[in-house]
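Colleague: Here's a structure for you.
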Amino acid sequence: MADEGALEHTPTWVVASVCTVIVAISLAVERLLHYLGKFLRHKGQKALSSALQKIKEELMLLGFISLLLTVSQGLITNICVPKTVSSSMLPCKEEPLTKSSNEADIKTCAKEGEVPLLSLEALHQLHIFIFVLAVVHVVFCATTMVLGGAKIRRWKHWEIAIQNENENPDHHKKFVIDRAGNFWRRAAVVSWTIAFVKQFYSSVSKSDYRALRAGFIMKHCRSNLKFDFHKYMMRTLEDDFKKVVGISWYLWLFVVIFLLLNVDGWHTYFWLSFLPLILLLIVGAKLEHIITKIAQEAAQGSSNERGIPAGPHVRPSDDHFWFGEPAIVLYLIHFILFQNSFEIAFFFWILTTYGFDSCIMESIQYLIPRLVMGSDL
């Protein structure tokens, strides 16, 4: 007897209607992205336009993964493995199979004691999870950029005020005094402790901004003392967004590792949820400590060359970063964003697919800390 659910036994008007809706939605999204890119280029937002292109590439990769899963689902579901193999490293305790499940396994695997490597339903759910992860990651990165941009825009009035003021050495002295005025603050343990605490409140003050702006101008554009440092920071934020919005190969590798370690009783996702928070605190403390180091160097420079204001001695340098590579901080931020996206995406995927009471969701004492730390940015 022919399968009544097959395409050959489906009314043509149903097939045509579904295809029309899918194609119409796809074309609408494609046109929307096209006109958005055109608008960004017209506004001179090259970095955001490049970020949009990166999103298109991710969508293309996602489409290829989707196509590959769909085309190969017959091959994957026809691979049979011993029951003992399929019963190891389960995310939930094994439950007795229903009659319908047993019948499906018998149809797929002829040998007794064998089951499909991956059922059609599990493959479909994996398909949905990959899609949800990619979408949540893009939304999470975009939201983070918007919030970060909003914070930097609050510094715009500092830029305007500084450009309208006459340069005064006392301005930079305040930066040095605030950051490195006392001898005991030069001790490594003390300076790192202060940097760690300071990241939780008003991490950048006006004196910090003024000093960093002066140091940047003295190093890169001495001839233009009215350089718009705030505008430069906004462009840099957009450039960084272009780098973190995508899901790199090593992040897909982390996805595989996370899925592998999701074993019942291990509470892997609960322990992994601490990792981005720890990294975030380390990065925040490091950035604060860099500003303190710059202030200490400025204080040392002004004391060695009397009569010269402290401002010119504010010298930002890549040497203050780990191994002299500022890109390491960006990679860590990229991973933090992805890990948080993974936690949020996994939660909503489990909630919509299996429900709140699913064993994969874990108990409430593990779930709440995961969600709180998953949104720590």
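Starting from 1 in every chain, residues are counted up; chains themselves are A, B, ... following the order of the structure tokens, and ligands are numbered from 1 as listed.
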Show me, as a list of chain:residue names, the residues that have an atom within 8 Å of segment 174-176 of chain A when counting only C-alpha atoms, minus same-chain residues fewer than 5 positions from it.
Modeller: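 These residues fall inside the cut-off: A:Gly181, A:Ser207, A:Asp208, A:Ala211, A:Ala295, A:Gln296, A:Ala298, A:Ala299.
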Colleague: Please produce a file of those selected residues containing C-alpha atoms, as an mmCIF file, in the first residue's frame.
Modeller:
```
data_model
loop_
_atom_site.group_PDB
_atom_site.id
_atom_site.type_symbol
_atom_site.label_atom_id
_atom_site.label_comp_id
_atom_site.auth_asym_id
_atom_site.auth_seq_id
_atom_site.Cartn_x
_atom_site.Cartn_y
_atom_site.Cartn_z
ATOM 1 C CA GLY A 181 47.914 58.946 42.404
ATOM 2 C CA SER A 207 39.018 62.224 32.858
ATOM 3 C CA ASP A 208 39.698 58.725 31.457
ATOM 4 C CA ALA A 211 43.350 61.283 28.658
ATOM 5 C CA ALA A 295 47.989 56.375 34.006
ATOM 6 C CA GLN A 296 50.980 54.947 35.881
ATOM 7 C CA ALA A 298 51.891 58.973 32.437
ATOM 8 C CA ALA A 299 52.705 59.693 36.084
#
```
Colleague: If you run DSSP on the backbone here, which positions in segment 24-129 of chain A get strand (DSSP E or B)? Please write them as a PyMOL selection string.
Modeller: chain A and resi 80-82+114-116
Colleague: If we count only C-alpha atoms and set the cut-off at 9 Å, which residues sit around segment 345-362 of chain A, ignoring sequence neighbours fewer than 4 positions away in its own chain? Please answer as number ranges by chain.
Modeller: A: 91-93, 125, 128-129, 132-137, 262, 264, 267, 340-341, 366-367, 371
Colleague: What lies within 9 Å of segment 236-246 of chain A using only C-alpha atoms, ignoring chain neighbours under 4 positions off, as an MDAnalysis selection string?
Modeller: chainID A and resid 45:55 57:58 134 137:142 145 148:149 231:232 330:331 333:335 337:338
Colleague: Would you put the residues from that selection into a file with N, CA, C and O atoms, as a short mmCIF file (atom, residue, chain, number, x, y, z; two decimals), in the first residue's frame?
Modeller:
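Output (result.cif):
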```
data_model
loop_
_atom_site.label_atom_id
_atom_site.label_comp_id
_atom_site.auth_asym_id
_atom_site.auth_seq_id
_atom_site.Cartn_x
_atom_site.Cartn_y
_atom_site.Cartn_z
N GLN A 45 27.94 53.73 5.88
CA GLN A 45 28.18 52.78 6.98
C GLN A 45 28.82 51.51 6.41
O GLN A 45 28.20 50.46 6.30
N LYS A 46 30.10 51.64 6.04
CA LYS A 46 30.78 50.51 5.40
C LYS A 46 30.93 49.32 6.34
O LYS A 46 30.80 48.17 5.92
N ALA A 47 31.21 49.60 7.61
CA ALA A 47 31.40 48.51 8.56
C ALA A 47 30.11 47.73 8.78
O ALA A 47 30.10 46.50 8.78
N LEU A 48 28.99 48.45 8.94
CA LEU A 48 27.71 47.77 9.13
C LEU A 48 27.29 47.05 7.87
O LEU A 48 26.67 45.97 7.93
N SER A 49 27.63 47.62 6.70
CA SER A 49 27.34 46.93 5.44
C SER A 49 28.12 45.63 5.35
O SER A 49 27.59 44.61 4.90
N SER A 50 29.37 45.65 5.79
CA SER A 50 30.19 44.42 5.81
C SER A 50 29.63 43.41 6.80
O SER A 50 29.65 42.21 6.55
N ALA A 51 29.12 43.92 7.94
CA ALA A 51 28.51 43.02 8.93
C ALA A 51 27.27 42.35 8.35
O ALA A 51 27.01 41.17 8.58
N LEU A 52 26.48 43.12 7.59
CA LEU A 52 25.30 42.56 6.94
C LEU A 52 25.70 41.49 5.93
O LEU A 52 25.03 40.46 5.82
N GLN A 53 26.79 41.74 5.22
CA GLN A 53 27.29 40.74 4.28
C GLN A 53 27.70 39.47 5.01
O GLN A 53 27.49 38.35 4.52
N LYS A 54 28.28 39.65 6.21
CA LYS A 54 28.66 38.50 7.03
C LYS A 54 27.43 37.70 7.44
O LYS A 54 27.44 36.46 7.44
N ILE A 55 26.35 38.41 7.77
CA ILE A 55 25.10 37.73 8.12
C ILE A 55 24.56 36.94 6.93
O ILE A 55 24.07 35.82 7.07
N GLU A 57 26.34 35.62 4.59
CA GLU A 57 27.17 34.43 4.47
C GLU A 57 26.76 33.36 5.47
O GLU A 57 26.75 32.16 5.15
N GLU A 58 26.43 33.79 6.69
CA GLU A 58 25.97 32.84 7.70
C GLU A 58 24.66 32.19 7.28
O GLU A 58 24.44 30.99 7.48
N ALA A 134 21.72 29.88 15.17
CA ALA A 134 22.25 30.91 14.28
C ALA A 134 21.46 32.22 14.41
O ALA A 134 22.04 33.31 14.48
N HIS A 137 22.11 33.92 17.81
CA HIS A 137 23.45 34.51 17.87
C HIS A 137 23.49 35.86 17.16
O HIS A 137 24.06 36.83 17.68
N VAL A 138 22.88 35.95 15.98
CA VAL A 138 22.85 37.21 15.25
C VAL A 138 22.08 38.27 16.05
O VAL A 138 22.54 39.41 16.19
N VAL A 139 20.93 37.89 16.60
CA VAL A 139 20.12 38.83 17.38
C VAL A 139 20.88 39.27 18.64
O VAL A 139 20.87 40.45 19.01
N PHE A 140 21.55 38.33 19.30
CA PHE A 140 22.29 38.62 20.52
C PHE A 140 23.42 39.60 20.24
O PHE A 140 23.64 40.56 20.99
N CYS A 141 24.17 39.36 19.15
CA CYS A 141 25.27 40.25 18.79
C CYS A 141 24.75 41.64 18.44
O CYS A 141 25.34 42.65 18.84
N ALA A 142 23.65 41.69 17.67
CA ALA A 142 23.08 42.98 17.29
C ALA A 142 22.60 43.76 18.52
O ALA A 142 22.82 44.97 18.62
N MET A 145 25.56 45.14 20.37
CA MET A 145 26.13 46.31 19.69
C MET A 145 25.27 47.55 19.94
O MET A 145 25.79 48.64 20.15
N GLY A 148 25.94 48.65 23.46
CA GLY A 148 27.27 49.24 23.55
C GLY A 148 27.34 50.60 22.87
O GLY A 148 27.96 51.53 23.39
N GLY A 149 26.69 50.71 21.70
CA GLY A 149 26.65 51.99 21.00
C GLY A 149 25.91 53.05 21.80
O GLY A 149 26.32 54.22 21.81
N LYS A 231 33.66 59.85 17.25
CA LYS A 231 33.25 59.29 15.97
C LYS A 231 34.13 58.10 15.59
O LYS A 231 33.65 57.10 15.05
N TYR A 232 35.41 58.22 15.91
CA TYR A 232 36.34 57.11 15.65
C TYR A 232 35.96 55.87 16.46
O TYR A 232 36.00 54.75 15.96
N LEU A 330 39.09 40.61 21.61
CA LEU A 330 37.95 40.52 20.70
C LEU A 330 37.51 39.08 20.51
O LEU A 330 36.31 38.78 20.46
N TYR A 331 38.47 38.16 20.41
CA TYR A 331 38.13 36.74 20.28
C TYR A 331 37.39 36.24 21.52
O TYR A 331 36.43 35.45 21.42
N ILE A 333 35.57 38.09 23.57
CA ILE A 333 34.22 38.67 23.54
C ILE A 333 33.34 37.91 22.55
O ILE A 333 32.16 37.66 22.81
N HIS A 334 33.93 37.52 21.42
CA HIS A 334 33.20 36.74 20.42
C HIS A 334 32.72 35.43 21.03
O HIS A 334 31.55 35.03 20.85
N PHE A 335 33.61 34.75 21.77
CA PHE A 335 33.22 33.49 22.39
C PHE A 335 32.17 33.70 23.47
O PHE A 335 31.23 32.90 23.60
N LEU A 337 29.87 36.05 23.63
CA LEU A 337 28.59 36.29 22.96
C LEU A 337 28.01 34.99 22.44
O LEU A 337 26.80 34.73 22.55
N PHE A 338 28.87 34.16 21.85
CA PHE A 338 28.37 32.90 21.29
C PHE A 338 27.88 31.96 22.38
O PHE A 338 26.83 31.33 22.24
#
```
Colleague: Taking only C-alpha atoms into account, which of A:Ala187, A:Leu36, A:Leu61, A:Ser17 comes nearest Trp249 of chain A?
Modeller: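 Of A:Ala187, A:Leu36, A:Leu61, A:Ser17, the one nearest Trp249 of chain A is A:Leu61, counting only C-alpha atoms.
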Colleague: Which residues come within 7 Å of Ala285 of chain A, counting only C-alpha atoms, excluding same-chain residues fewer than 6 positions away, as a PyMOL selection string?
Modeller: chain A and resi 195-196+199
Colleague: Please compute the atom CA of Pro316 of chain A-atom CA of Arg179 of chain A distance, one decimal, in Å.
Modeller: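 Rounded to one decimal, the two atoms are 14.6 Å apart.
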Colleague: Based on the backbone DSSP call, show me all residues of segment 97-333 of chain A assigned helix (DSSP H, G or I), as a ChimeraX atom specification.
Modeller: /A:99-108,120-153,156-164,169-180,183-186,188-198,206-220,229-244,249-260,268-272,274-304,311-313,318-320,322-324,327-333
Colleague: Which residues come within 10 Å of Thr84 of chain A, counting only C-alpha atoms, excluding same-chain residues fewer than 3 positions away, as a PDB file with C-alpha atoms, in the first residue's frame?
Modeller:
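Ended up saving to out_29.pdb:
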```
ATOM      1  CA  VAL A  81      24.034   0.409  15.170  1.00  0.00           C
ATOM      2  CA  SER A  87      22.261   3.546  24.893  1.00  0.00           C
ATOM      3  CA  SER A  88      25.524   5.188  25.978  1.00  0.00           C
ATOM      4  CA  GLY A 113      19.156  -5.710  18.525  1.00  0.00           C
ATOM      5  CA  GLU A 114      19.939  -2.855  16.156  1.00  0.00           C
ATOM      6  CA  VAL A 115      18.423   0.622  16.006  1.00  0.00           C
TER       7      VAL A 115
END
```
